[in-house]
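What's in entry-v8.cif: mmCIF, C-alpha atoms
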```cif
data_data
loop_
_atom_site.label_atom_id
_atom_site.label_comp_id
_atom_site.auth_asym_id
_atom_site.auth_seq_id
_atom_site.Cartn_x
_atom_site.Cartn_y
_atom_site.Cartn_z
CA MET A 15 68.77 -86.71 -38.20
CA GLU A 16 66.24 -88.40 -40.44
CA ALA A 17 64.32 -89.76 -37.46
CA SER A 18 64.10 -86.31 -35.86
CA GLU A 19 62.61 -84.93 -39.11
CA ASP A 20 59.96 -87.67 -39.17
CA LEU A 21 58.98 -86.87 -35.64
CA LYS A 22 58.19 -83.37 -36.76
CA MET A 23 55.10 -84.60 -38.67
CA THR A 24 52.21 -83.47 -36.55
CA CYS A 25 49.04 -85.44 -35.91
CA ASN A 26 47.04 -83.03 -38.07
CA GLU A 27 49.40 -83.47 -41.03
CA CYS A 28 49.30 -87.18 -40.61
CA GLN A 29 45.50 -87.36 -40.39
CA GLU A 30 45.17 -85.22 -43.50
CA LEU A 31 47.22 -87.77 -45.43
CA LEU A 32 45.38 -90.84 -44.07
CA PRO A 33 42.56 -90.91 -46.71
CA GLU A 34 45.11 -90.74 -49.53
CA ARG A 35 47.15 -93.53 -47.88
CA ALA A 36 44.02 -95.65 -47.56
CA MET A 37 43.30 -95.19 -51.31
CA GLY A 38 46.96 -96.04 -52.06
CA GLN A 39 47.65 -92.67 -53.60
CA LEU A 40 50.64 -91.60 -51.43
CA ASP A 41 54.14 -91.73 -52.90
CA GLY A 42 56.77 -93.89 -51.22
CA GLU A 43 58.50 -91.32 -49.06
CA ALA A 44 55.29 -89.78 -47.67
CA ASP A 45 53.85 -93.22 -47.14
CA GLU A 46 56.89 -94.19 -45.07
CA SER A 47 56.71 -90.99 -43.00
CA VAL A 48 53.05 -91.56 -42.23
CA GLY A 49 53.80 -95.19 -41.37
CA ARG A 50 56.53 -94.15 -38.97
CA HIS A 51 54.20 -91.55 -37.32
CA LEU A 52 51.49 -94.19 -36.98
CA SER A 53 53.84 -96.57 -35.24
CA ASP A 54 54.67 -93.88 -32.67
CA CYS A 55 51.24 -92.19 -32.21
CA GLY A 56 48.41 -94.23 -30.72
CA GLU A 57 45.71 -91.63 -31.49
CA CYS A 58 46.52 -91.47 -35.20
CA ARG A 59 46.81 -95.25 -35.34
CA ALA A 60 43.26 -95.53 -33.94
CA GLN A 61 42.04 -93.11 -36.67
CA TRP A 62 43.83 -95.15 -39.32
CA GLU A 63 42.21 -98.38 -38.11
CA ILE A 64 38.72 -96.83 -38.23
CA LEU A 65 39.38 -95.55 -41.74
CA SER A 66 40.78 -98.90 -42.92
CA LEU A 67 37.80 -100.80 -41.54
CA GLY A 68 35.38 -98.39 -43.21
CA LEU A 69 37.10 -98.79 -46.58
CA ALA A 70 37.11 -102.56 -46.20
CA ASP A 71 33.34 -102.49 -45.55
CA LEU A 72 32.81 -100.28 -48.64
CA LYS A 73 34.52 -102.90 -50.83
CA HIS A 74 31.86 -105.44 -49.85
CA TRP A 75 28.96 -103.03 -50.30
CA GLU A 76 26.70 -103.90 -53.21
CA VAL A 77 25.45 -100.92 -55.21
CA GLU A 78 21.86 -101.13 -56.36
CA GLU A 79 20.97 -100.18 -59.93
CA PRO A 80 18.80 -96.99 -60.14
CA SER A 81 15.15 -97.56 -61.01
CA LYS A 82 14.22 -97.16 -64.66
CA ASP A 83 11.95 -94.14 -64.10
CA LEU A 84 14.59 -92.20 -62.07
CA SER A 85 15.44 -90.01 -65.04
CA SER A 86 11.80 -89.11 -65.78
CA ARG A 87 11.10 -88.40 -62.07
CA ALA A 88 14.16 -86.14 -61.81
CA MET A 89 13.12 -84.19 -64.93
CA ALA A 90 9.57 -83.76 -63.58
CA ALA A 91 10.95 -82.37 -60.31
CA ILE A 92 13.19 -79.94 -62.20
CA ARG A 93 10.25 -78.79 -64.35
CA LEU A 94 8.14 -78.24 -61.22
CA GLU A 95 10.94 -76.16 -59.65
CA ALA A 96 11.30 -74.07 -62.80
CA GLU A 97 7.57 -73.32 -62.95
CA ARG A 98 7.32 -72.23 -59.31
CA PRO A 99 6.82 -68.40 -59.04
CA VAL A 100 10.04 -66.62 -58.09
CA GLY A 101 9.93 -64.18 -55.15
CA LEU A 102 11.37 -60.67 -55.30
CA TRP A 103 14.29 -61.51 -53.08
CA ALA A 104 15.10 -64.62 -55.10
CA ARG A 105 15.00 -62.52 -58.26
CA ILE A 106 17.38 -59.93 -56.75
CA ASP A 107 19.64 -62.71 -55.55
CA ARG A 108 19.66 -64.30 -59.01
CA SER A 109 20.42 -60.95 -60.68
CA LEU A 110 23.22 -60.32 -58.24
CA GLY A 111 24.56 -63.80 -58.91
CA ARG A 112 24.61 -62.99 -62.62
CA PHE A 113 26.27 -59.62 -61.86
CA ALA A 114 28.77 -61.35 -59.62
CA SER A 115 29.83 -63.60 -62.46
CA HIS A 116 30.98 -60.42 -64.27
CA ARG A 117 32.86 -58.88 -61.41
CA PRO A 118 33.80 -55.26 -61.95
CA THR A 119 37.39 -54.45 -62.70
CA TRP A 120 39.42 -51.83 -60.88
CA LEU A 121 38.74 -49.53 -63.83
CA THR A 122 34.99 -49.81 -63.25
CA GLY A 123 35.56 -49.19 -59.55
CA LEU A 124 37.58 -46.05 -60.27
CA ALA A 125 34.91 -44.85 -62.70
CA THR A 126 32.24 -45.33 -60.02
CA VAL A 127 34.27 -43.37 -57.48
CA ALA A 128 34.92 -40.60 -60.06
CA VAL A 129 31.19 -40.33 -60.85
CA THR A 130 30.43 -40.16 -57.12
CA VAL A 131 33.00 -37.39 -56.60
CA VAL A 132 31.58 -35.41 -59.53
CA LEU A 133 28.03 -35.81 -58.17
CA LEU A 134 29.10 -34.65 -54.72
CA GLY A 135 30.99 -31.75 -56.28
CA GLN A 136 27.84 -30.68 -58.07
CA VAL A 137 25.85 -30.91 -54.84
CA LEU A 138 28.36 -28.94 -52.79
CA ALA A 139 29.33 -26.47 -55.53
CA PRO A 140 27.29 -23.53 -54.17
CA ASN A 141 29.55 -23.57 -51.11
CA PHE A 142 32.19 -21.85 -53.18
CA SER A 143 29.95 -19.43 -55.00
CA ARG A 144 29.52 -16.67 -52.45
CA GLY A 145 30.33 -14.08 -55.04
CA ARG A 146 28.11 -15.51 -57.70
CA SER A 147 26.05 -13.02 -59.55
CA SER A 148 22.53 -12.01 -58.73
CA SER A 149 20.20 -12.19 -61.66
CA ASP A 150 19.08 -8.60 -62.22
CA GLY A 151 21.82 -6.35 -60.84
CA SER A 152 19.56 -4.90 -58.12
CA ALA A 153 22.26 -5.21 -55.46
CA CYS A 154 24.76 -3.35 -57.65
CA GLN A 155 22.28 -0.53 -58.23
CA ARG A 156 21.67 -0.29 -54.49
CA ASN A 157 25.41 -0.03 -53.85
CA LEU A 158 25.73 2.76 -56.42
CA LYS A 159 22.92 4.60 -54.65
CA VAL A 160 24.76 4.40 -51.32
CA PHE A 161 27.98 5.63 -52.96
CA THR A 162 26.02 8.58 -54.31
CA GLN A 163 24.75 9.45 -50.82
CA ALA A 164 28.23 9.13 -49.32
CA LEU A 165 29.77 11.26 -52.08
CA GLU A 166 27.10 13.91 -51.58
CA SER A 167 27.86 14.03 -47.84
CA TYR A 168 31.60 14.29 -48.64
CA ARG A 169 30.95 17.20 -51.02
CA LYS A 170 28.96 19.09 -48.38
CA GLU A 171 31.81 18.80 -45.89
CA HIS A 172 34.64 19.55 -48.37
CA ALA A 173 33.64 22.87 -49.93
CA GLY A 174 31.80 21.34 -52.85
CA THR A 175 34.60 19.01 -53.99
CA PHE A 176 34.55 15.28 -54.49
CA PRO A 177 37.35 12.89 -53.39
CA ASP A 178 40.11 11.68 -55.71
CA GLN A 179 39.35 8.07 -54.93
CA LEU A 180 36.45 6.18 -53.44
CA SER A 181 38.72 4.78 -50.72
CA GLN A 182 38.80 8.29 -49.20
CA LEU A 183 35.19 7.78 -48.18
CA ARG A 184 36.27 5.30 -45.51
CA PRO A 185 35.74 5.40 -42.59
CA ASP A 186 33.99 8.76 -42.21
CA TYR A 187 31.34 8.21 -44.87
CA LEU A 188 31.25 4.49 -45.54
CA LYS A 189 31.71 1.64 -43.08
CA VAL A 190 32.99 -0.60 -45.87
CA LEU A 191 33.86 -0.29 -49.54
CA PRO A 192 31.54 -2.90 -51.02
CA ASP A 193 32.40 -5.33 -53.78
CA CYS A 194 29.94 -5.55 -56.61
CA PRO A 195 27.69 -8.51 -55.76
CA ASP A 196 27.40 -9.36 -59.43
CA THR A 197 31.13 -9.59 -60.14
CA GLY A 198 32.45 -10.40 -56.67
CA GLU A 199 35.16 -7.70 -56.90
CA ASP A 200 35.60 -3.98 -56.32
CA SER A 201 34.49 -2.78 -59.71
CA TYR A 202 33.37 0.64 -58.45
CA SER A 203 36.83 2.13 -57.82
CA PRO A 204 37.91 1.67 -61.46
CA GLY A 205 34.56 3.11 -62.56
CA TYR A 206 34.94 6.30 -60.51
CA GLN A 207 36.27 9.39 -62.30
CA VAL A 208 36.43 12.88 -60.85
CA SER A 209 36.80 16.05 -62.93
CA ALA A 210 39.98 18.15 -62.78
CA ASP A 211 38.38 20.77 -60.50
CA HIS A 212 36.84 18.02 -58.32
CA HIS A 213 33.39 19.53 -58.70
CA SER A 214 31.78 16.67 -60.62
CA TYR A 215 32.26 12.94 -60.97
CA THR A 216 31.07 9.88 -62.86
CA LEU A 217 30.54 6.56 -61.15
CA LYS A 218 29.67 3.23 -62.66
CA CYS A 219 30.31 -0.41 -62.07
CA ALA A 220 33.25 -1.22 -64.36
CA PRO A 221 34.16 -4.87 -64.00
CA ASP A 222 36.16 -5.05 -67.23
CA LYS A 223 38.69 -2.36 -66.40
CA MET B 15 37.94 -57.19 -56.23
CA PRO B 16 35.11 -56.66 -53.76
CA SER B 17 32.05 -58.80 -54.28
CA ALA B 18 28.86 -57.62 -55.95
CA TRP B 19 27.24 -57.18 -52.54
CA VAL B 20 29.94 -54.74 -51.48
CA TRP B 21 29.36 -52.71 -54.64
CA LEU B 22 25.62 -52.74 -54.06
CA VAL B 23 25.96 -51.54 -50.46
CA PHE B 24 28.53 -48.91 -51.52
CA SER B 25 26.32 -47.60 -54.32
CA LEU B 26 23.24 -47.49 -52.10
CA SER B 27 25.08 -45.67 -49.33
CA MET B 28 26.44 -43.15 -51.86
CA LEU B 29 22.92 -42.66 -53.20
CA ILE B 30 21.55 -42.06 -49.70
CA PHE B 31 24.45 -39.71 -48.91
CA THR B 32 23.87 -37.71 -52.10
CA ALA B 33 20.15 -37.49 -51.39
CA SER B 34 20.89 -36.28 -47.85
CA MET B 35 23.28 -33.64 -49.18
CA LEU B 36 20.67 -32.46 -51.70
CA THR B 37 18.06 -32.25 -48.94
CA LEU B 38 20.50 -30.38 -46.73
CA ARG B 39 21.30 -27.97 -49.56
CA GLU B 40 17.65 -27.31 -50.34
CA GLY B 41 16.99 -26.75 -46.64
CA ARG B 42 19.79 -24.22 -46.43
CA ARG B 43 18.57 -22.19 -49.39
CA PHE B 44 16.31 -20.09 -47.20
CA LEU B 45 18.21 -19.63 -43.97
CA SER B 46 16.97 -16.67 -41.99
CA ARG B 47 17.74 -14.79 -38.81
CA PRO B 48 15.80 -12.36 -36.61
CA LEU B 49 16.06 -8.69 -37.56
CA SER B 50 18.75 -6.68 -35.81
CA ALA B 51 17.74 -3.59 -33.82
CA SER B 52 18.63 -1.20 -36.66
CA GLU B 53 16.83 -3.36 -39.22
CA GLN B 54 13.78 -3.51 -36.99
CA ARG B 55 13.86 0.28 -36.86
CA VAL B 56 13.63 0.42 -40.66
CA VAL B 57 10.68 -1.99 -40.71
CA LEU B 58 8.92 0.01 -37.98
CA ALA B 59 9.45 3.23 -39.92
CA ALA B 60 8.03 1.56 -43.02
CA LEU B 61 4.91 0.45 -41.14
CA LYS B 62 4.55 3.93 -39.68
CA LEU B 63 4.66 5.46 -43.15
CA ASP B 64 2.07 2.89 -44.26
CA GLU B 65 -0.15 3.93 -41.34
CA GLU B 66 0.18 7.63 -42.14
CA GLN B 67 -0.55 7.10 -45.80
CA GLU B 68 -3.31 4.48 -45.69
CA GLY B 69 -4.92 5.52 -42.41
CA ARG B 70 -3.78 2.35 -40.63
CA ALA B 71 -0.80 0.06 -40.90
CA HIS B 72 -1.40 -3.31 -42.49
CA PRO B 73 -2.65 -5.39 -39.51
CA LEU B 74 -1.00 -8.58 -40.71
CA LEU B 75 2.39 -6.89 -41.04
CA VAL B 76 2.09 -5.41 -37.56
CA ALA B 77 1.19 -8.81 -36.12
CA MET B 78 4.03 -10.47 -38.00
CA LEU B 79 6.56 -7.95 -36.74
CA ARG B 80 5.31 -8.47 -33.19
CA GLU B 81 5.63 -12.25 -33.58
CA HIS B 82 9.10 -11.93 -35.15
CA ARG B 83 7.81 -13.44 -38.38
CA ILE B 84 9.43 -10.69 -40.43
CA ARG B 85 13.03 -11.82 -40.61
CA ALA B 86 16.20 -11.23 -42.60
CA MET B 87 17.70 -13.70 -45.08
CA ASP B 88 20.88 -15.17 -43.73
CA ARG B 89 24.04 -16.47 -45.42
CA MET B 90 22.72 -17.03 -48.90
CA THR B 91 25.45 -19.56 -49.70
CA PHE B 92 23.09 -22.08 -51.23
CA ALA B 93 20.61 -19.59 -52.66
CA ARG B 94 20.08 -19.46 -56.41
CA PRO B 95 20.95 -16.27 -58.33
CA GLU B 96 17.32 -15.19 -58.60
CA GLU B 97 16.94 -15.66 -54.85
CA ARG B 98 20.01 -13.54 -54.12
CA SER B 99 18.56 -10.67 -56.09
CA ALA B 100 15.09 -10.97 -54.54
CA PHE B 101 14.26 -8.11 -52.18
CA GLY B 102 12.02 -10.37 -50.16
CA TYR B 103 10.72 -13.89 -49.93
CA THR B 104 7.70 -15.53 -48.32
CA ASP B 105 8.82 -18.88 -46.98
CA GLU B 106 6.82 -22.07 -46.58
CA ARG B 107 6.23 -21.26 -42.90
CA GLY B 108 4.42 -18.04 -43.78
CA ARG B 109 7.27 -15.74 -42.75
CA ILE B 110 8.55 -12.78 -44.73
CA LEU B 111 12.30 -12.84 -45.27
CA LEU B 112 13.85 -9.51 -46.25
CA ASN B 113 17.13 -9.46 -48.14
CA PRO B 114 19.39 -7.33 -45.90
CA ASN B 115 21.79 -6.60 -48.77
CA LEU B 116 19.00 -4.90 -50.68
CA CYS B 117 16.54 -3.62 -48.08
CA PHE B 118 19.04 -2.33 -45.52
CA THR B 119 21.90 -1.30 -47.79
CA CYS B 120 22.36 2.14 -46.23
CA GLN B 121 22.19 0.72 -42.71
CA GLN B 122 24.91 -1.73 -43.62
CA MET B 123 27.22 0.56 -45.54
CA LEU B 124 26.86 4.21 -44.50
CA ALA B 125 28.87 5.51 -41.56
CA PRO B 126 26.68 5.78 -38.44
CA ARG B 127 27.10 9.58 -38.18
CA LEU B 128 25.41 10.00 -41.59
CA LEU B 129 22.42 7.94 -40.50
CA THR B 130 20.51 10.25 -38.23
CA GLY B 131 17.29 8.34 -38.79
CA VAL B 132 16.24 5.72 -41.28
CA ALA B 133 17.63 6.17 -44.79
CA GLU B 134 14.81 6.94 -47.23
CA SER B 135 16.23 4.53 -49.74
CA ASP B 136 16.04 1.66 -47.22
CA LEU B 137 12.59 2.80 -46.14
CA VAL B 138 11.19 2.66 -49.66
CA ALA B 139 12.80 -0.70 -50.46
CA THR B 140 11.51 -2.24 -47.24
CA LEU B 141 8.00 -0.79 -47.54
CA ALA B 142 7.55 -1.83 -51.16
CA THR B 143 8.93 -5.31 -50.44
CA LEU B 144 6.64 -5.81 -47.44
CA GLN B 145 3.64 -4.70 -49.49
CA HIS B 146 4.61 -7.10 -52.25
CA GLU B 147 5.13 -10.07 -49.95
CA VAL B 148 2.00 -9.50 -47.91
CA ARG B 149 -0.07 -9.92 -51.10
CA HIS B 150 1.33 -13.44 -51.44
CA LEU B 151 0.43 -14.15 -47.83
CA VAL B 152 -3.04 -12.61 -47.65
CA SER B 153 -4.59 -13.69 -50.92
CA GLY B 154 -2.04 -16.16 -52.29
CA ALA B 155 -1.47 -13.67 -55.12
CA SER B 156 0.59 -14.70 -58.11
CA GLU B 157 3.82 -12.84 -58.88
CA THR B 158 2.01 -10.78 -61.53
CA MET B 159 -0.74 -9.71 -59.14
CA ALA B 160 1.74 -8.99 -56.34
CA TYR B 161 3.85 -6.76 -58.64
CA GLU B 162 0.77 -4.93 -59.86
CA GLU B 163 -0.40 -4.29 -56.30
CA GLU B 164 3.10 -3.16 -55.31
CA TRP B 165 3.21 -0.78 -58.26
CA ARG B 166 -0.18 0.69 -57.41
CA TYR B 167 0.88 1.08 -53.78
CA VAL B 168 4.10 2.86 -54.76
CA CYS B 169 2.12 5.23 -57.02
CA ARG B 170 -0.36 5.94 -54.25
CA THR B 171 2.37 6.56 -51.67
CA ARG B 172 4.28 8.84 -54.03
CA SER B 173 1.20 10.98 -54.68
CA TRP B 174 0.68 11.19 -50.94
CA CYS B 175 4.32 12.21 -50.40
CA VAL B 176 4.05 14.91 -53.05
CA GLN B 177 0.88 16.26 -51.42
CA ASN B 178 2.54 16.24 -48.00
CA GLU B 179 5.73 17.87 -49.27
CA MET B 180 8.14 15.03 -48.69
CA PRO B 181 10.49 15.57 -51.63
CA GLY B 182 13.20 13.11 -50.55
CA LEU B 183 10.79 10.28 -50.12
CA SER B 184 8.86 11.00 -53.30
CA LEU B 185 12.14 11.02 -55.25
CA GLU B 186 13.09 7.67 -53.78
CA LEU B 187 9.66 6.30 -54.64
CA LEU B 188 9.99 7.62 -58.18
CA ASP B 189 13.37 5.92 -58.46
CA TRP B 190 11.83 2.69 -57.20
CA GLU B 191 9.05 3.02 -59.73
CA ARG B 192 11.56 3.58 -62.52
CA HIS B 193 13.18 0.23 -61.80
CA LEU B 194 9.88 -1.60 -61.42
CA PRO B 195 9.22 -2.22 -65.15
CA ALA B 196 12.60 -3.92 -65.56
CA ARG B 197 11.97 -6.10 -62.52
CA VAL B 198 8.47 -6.97 -63.72
CA ARG B 199 9.85 -7.85 -67.16
CA LEU B 200 12.51 -10.05 -65.59
CA HIS B 201 10.36 -11.87 -63.07
CA VAL B 202 7.00 -11.94 -64.79
CA GLY B 203 7.81 -11.54 -68.47
CA GLN B 204 7.29 -8.93 -71.16
CA ALA B 205 3.89 -10.37 -72.09
CA ALA B 206 2.52 -9.51 -68.64
CA ALA B 207 4.54 -6.34 -68.08
CA GLY B 208 3.10 -4.28 -70.96
CA PRO B 209 -0.58 -4.74 -70.07
CA MET B 210 0.26 -4.18 -66.40
CA GLN B 211 1.71 -0.74 -67.09
CA LEU B 212 -1.25 0.10 -69.31
CA ARG B 213 -3.65 -0.85 -66.51
CA ILE B 214 -1.76 1.26 -63.99
CA GLY B 215 -0.93 4.35 -65.97
CA GLY B 216 -2.34 4.03 -69.46
CA ARG B 217 1.17 3.89 -71.00
CA ASN B 218 3.56 1.18 -72.00
CA ASP B 219 6.69 3.19 -72.77
CA PHE B 220 8.92 1.25 -70.43
CA ARG B 221 12.25 2.74 -71.37
CA GLU B 222 11.62 6.34 -70.51
CA SER B 223 8.97 5.92 -67.89
CA PRO B 224 9.31 8.64 -65.25
CA GLY B 225 6.63 6.86 -63.25
CA ALA B 226 3.67 5.09 -64.71
CA CYS B 227 0.99 6.71 -62.58
CA GLU B 228 1.84 10.31 -63.42
#
```

Output the file's structure as structure tokens, nothing else.
Amino acid sequence: MEASEDLKMTCNECQELLPERAMGQLDGEADESVGRHLSDCGECRAQWEILSLGLADLKHWEVEEPSKDLSSRAMAAIRLEAERPVGLWARIDRSLGRFASHRPTWLTGLATVAVTVVLLGQVLAPNFSRGRSSSDGSACQRNLKVFTQALESYRKEHAGTFPDQLSQLRPDYLKVLPDCPDTGEDSYSPGYQVSADHHSYTLKCAPDK
Amino acid sequence: MPSAWVWLVFSLSMLIFTASMLTLREGRRFLSRPLSASEQRVVLAALKLDEEQEGRAHPLLVAMLREHRIRAMDRMTFARPEERSAFGYTDERGRILLNPNLCFTCQQMLAPRLLTGVAESDLVATLATLQHEVRHLVSGASETMAYEEEWRYVCRTRSWCVQNEMPGLSLELLDWERHLPARVRLHVGQAAAGPMQLRIGGRNDFRESPGACE
């Protein structure tokens, strides 16, 4: 049972653990598993031998002391780099790097989206303002003039009497009953009043009624 | 969270999208369409009246009508309030756009059997508007100058109508003239409106003006 579990260690897993084994940092159980895999797998064993030889060579390698002016040369190079003029792209990149270190939270993201939606709403708002008022009421005055003409024609054809309601003007006198362009609603019907004998009338745009 | 680059690209694309929408909206403020047959009849009648009254129709207006450069405003969804209430507009391509809701009101609303010819109310609105707009086109006149010329033209035409016994038309012209001071005040300002009326008729009693040139 135990042997079948050891066999499950793949070559990749084994080779990942080889550097740690070479440095002596593997615990006992893992070390044994890797050892067992190495005894069965020729390819991994070859890798292990290369690694072991390399480490053995490193132990005999003599490290030279750095020269005494290394520190001053390094500082001069850094100073030179700092004084070099920075290009536009490098500046943008640096600013973005700084921005990236303060990554926005979800709250900032939501705020950005909300601002965008509001901006778009402002841009597209006139789409929904078909009935928005004109500035000087000219269109309303023109409508009243047409009503007057239609009412006059009605009177001529009805023995000098005016209709009870403006809706009676359709379809013989008016193609449509217009809404007031300034209020966006039919404010003429409430503003129409006919006398008891139907011989006179008053008509005005009455949006508040 | 997305990286700073993603935010940058997102913000830039939103900016470009918003700018495109604004451009689209501005472009759609002055949509226009060719005049319909009945509207063209009103414009023709207006030019004919101009010809009878002045001796010849304004050559530029005749040419513009022939070249279909006198058009009607269309779907004023994106128009501003002052543009909705404008009778006419001279666009950047040198075309005159007439507001069909104001210039052809009778054509649009009255039952066909009542419209034997062209309604005088439409005729006056169209003629006065064309005369106003053509001043902008011919001499690049300011709004003040264009209104003054329109006012003078209306006065002249009304006198001619009275002389030629055209009571319906002269009444319509008088009505138009009655509303002119308010429109001048609104679009040009009180400071310019008073002196204008004095220049035209020697009076500045706006409220009860029966017609400045009487």

Please identify all polymer residues within 8 Å of Phe118 of chain B, counting all atoms listed in the file, omitting same-chain residues fewer than 2 positions from it, and present them as an mmCIF file with C-alpha atoms, in the coordinates of the input.
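The resulting file, result13.cif, is reproduced below:
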```cif
data_model
loop_
_atom_site.group_PDB
_atom_site.id
_atom_site.type_symbol
_atom_site.label_atom_id
_atom_site.label_comp_id
_atom_site.auth_asym_id
_atom_site.auth_seq_id
_atom_site.Cartn_x
_atom_site.Cartn_y
_atom_site.Cartn_z
ATOM 1 C CA GLU B 53 16.830 -3.360 -39.220
ATOM 2 C CA VAL B 56 13.630 0.420 -40.660
ATOM 3 C CA ASN B 113 17.130 -9.460 -48.140
ATOM 4 C CA PRO B 114 19.390 -7.330 -45.900
ATOM 5 C CA ASN B 115 21.790 -6.600 -48.770
ATOM 6 C CA LEU B 116 19.000 -4.900 -50.680
ATOM 7 C CA CYS B 120 22.360 2.140 -46.230
ATOM 8 C CA GLN B 121 22.190 0.720 -42.710
ATOM 9 C CA GLN B 122 24.910 -1.730 -43.620
ATOM 10 C CA ASP B 136 16.040 1.660 -47.220
ATOM 11 C CA THR B 140 11.510 -2.240 -47.240
#
```

Q: Using only C-alpha atoms, select each residue of chain B with any atom at most 10 Å away from an atom of chain A, and give the selection as a ChimeraX atom specification.
A: /B:15-19,21-22,24-25,28-29,31-33,35-39,89-101,113,115-129,133,135-136,139,193,196-197,200-201

**Q.** Picked residues, the PyMOL selection byres ((chain A and resi 51-53) around 12), expected as a VMD selection string
**A.** chain A and resid 17 to 29 31 to 32 35 44 to 50 54 to 63

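Rounded to one decimal, atom CA of Glu134 of chain B and atom CA of Gly182 of chain B lie 7.2 Å from each other.
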
Q | Two-atom distance - atom CA of Arg87 of chain A, atom CA of Trp103 of chain A (Å) | A | 28.5 Å

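Across the chains present, the PyMOL selection byres ((chain A and resi 200) around 12) applied to this file returns Gly145, Cys154, Asn157, Leu158, Leu180, Ser181, Val190, Leu191, Pro192, Asp193, Cys194, Pro195, Asp196, Thr197, Gly198, Glu199, Ser201, Tyr202, Ser203, Pro204, Gly205, Tyr206, Lys218, Cys219, Ala220, Pro221, Asp222 and Lys223 of chain A.
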
Hey, can you spit out that residue selection with C-alpha atoms as a PDB file, keeping the file's coordinate frame?
```
ATOM      1  CA  GLY A 145      30.330 -14.080 -55.040  1.00  0.00           C
ATOM      2  CA  CYS A 154      24.760  -3.350 -57.650  1.00  0.00           C
ATOM      3  CA  ASN A 157      25.410  -0.030 -53.850  1.00  0.00           C
ATOM      4  CA  LEU A 158      25.730   2.760 -56.420  1.00  0.00           C
ATOM      5  CA  LEU A 180      36.450   6.180 -53.440  1.00  0.00           C
ATOM      6  CA  SER A 181      38.720   4.780 -50.720  1.00  0.00           C
ATOM      7  CA  VAL A 190      32.990  -0.600 -45.870  1.00  0.00           C
ATOM      8  CA  LEU A 191      33.860  -0.290 -49.540  1.00  0.00           C
ATOM      9  CA  PRO A 192      31.540  -2.900 -51.020  1.00  0.00           C
ATOM     10  CA  ASP A 193      32.400  -5.330 -53.780  1.00  0.00           C
ATOM     11  CA  CYS A 194      29.940  -5.550 -56.610  1.00  0.00           C
ATOM     12  CA  PRO A 195      27.690  -8.510 -55.760  1.00  0.00           C
ATOM     13  CA  ASP A 196      27.400  -9.360 -59.430  1.00  0.00           C
ATOM     14  CA  THR A 197      31.130  -9.590 -60.140  1.00  0.00           C
ATOM     15  CA  GLY A 198      32.450 -10.400 -56.670  1.00  0.00           C
ATOM     16  CA  GLU A 199      35.160  -7.700 -56.900  1.00  0.00           C
ATOM     17  CA  SER A 201      34.490  -2.780 -59.710  1.00  0.00           C
ATOM     18  CA  TYR A 202      33.370   0.640 -58.450  1.00  0.00           C
ATOM     19  CA  SER A 203      36.830   2.130 -57.820  1.00  0.00           C
ATOM     20  CA  PRO A 204      37.910   1.670 -61.460  1.00  0.00           C
ATOM     21  CA  GLY A 205      34.560   3.110 -62.560  1.00  0.00           C
ATOM     22  CA  TYR A 206      34.940   6.300 -60.510  1.00  0.00           C
ATOM     23  CA  LYS A 218      29.670   3.230 -62.660  1.00  0.00           C
ATOM     24  CA  CYS A 219      30.310  -0.410 -62.070  1.00  0.00           C
ATOM     25  CA  ALA A 220      33.250  -1.220 -64.360  1.00  0.00           C
ATOM     26  CA  PRO A 221      34.160  -4.870 -64.000  1.00  0.00           C
ATOM     27  CA  ASP A 222      36.160  -5.050 -67.230  1.00  0.00           C
ATOM     28  CA  LYS A 223      38.690  -2.360 -66.400  1.00  0.00           C
TER      29      LYS A 223
END
```

**Q.** Separation of atom CA of Gln145 of chain B from atom CA of Asp189 of chain B, in Å and rounded to one decimal
**A.** 17.0 Å

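Distance check against Leu212 of chain B using all atoms listed in the file: of B:Trp165, B:Ser27, B:Gly102, B:Thr171, the minimum falls on B:Trp165.
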
**Q.** Explicit residue set for the PyMOL selection byres ((chain B and resi 141) around 8), as a VMD selection string
**A.** chain B and resid 57 60 to 61 64 137 to 140 142 to 145

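The nearest approach to Leu151 of chain B among the residues B:Leu74, B:Val198, B:Leu58, B:Leu185, with all atoms listed in the file taken into account, belongs to B:Leu74.
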
Put the listed atoms of segment 16-30 of chain B in a box along x, y and z with 6 Å added on every side and give me the centre and edge lengths in Å to one decimal, as AutoDock Vina command-line options.
```
--center_x 28.3 --center_y -50.4 --center_z -52.6 --size_x 25.6 --size_y 28.7 --size_z 18.6
```
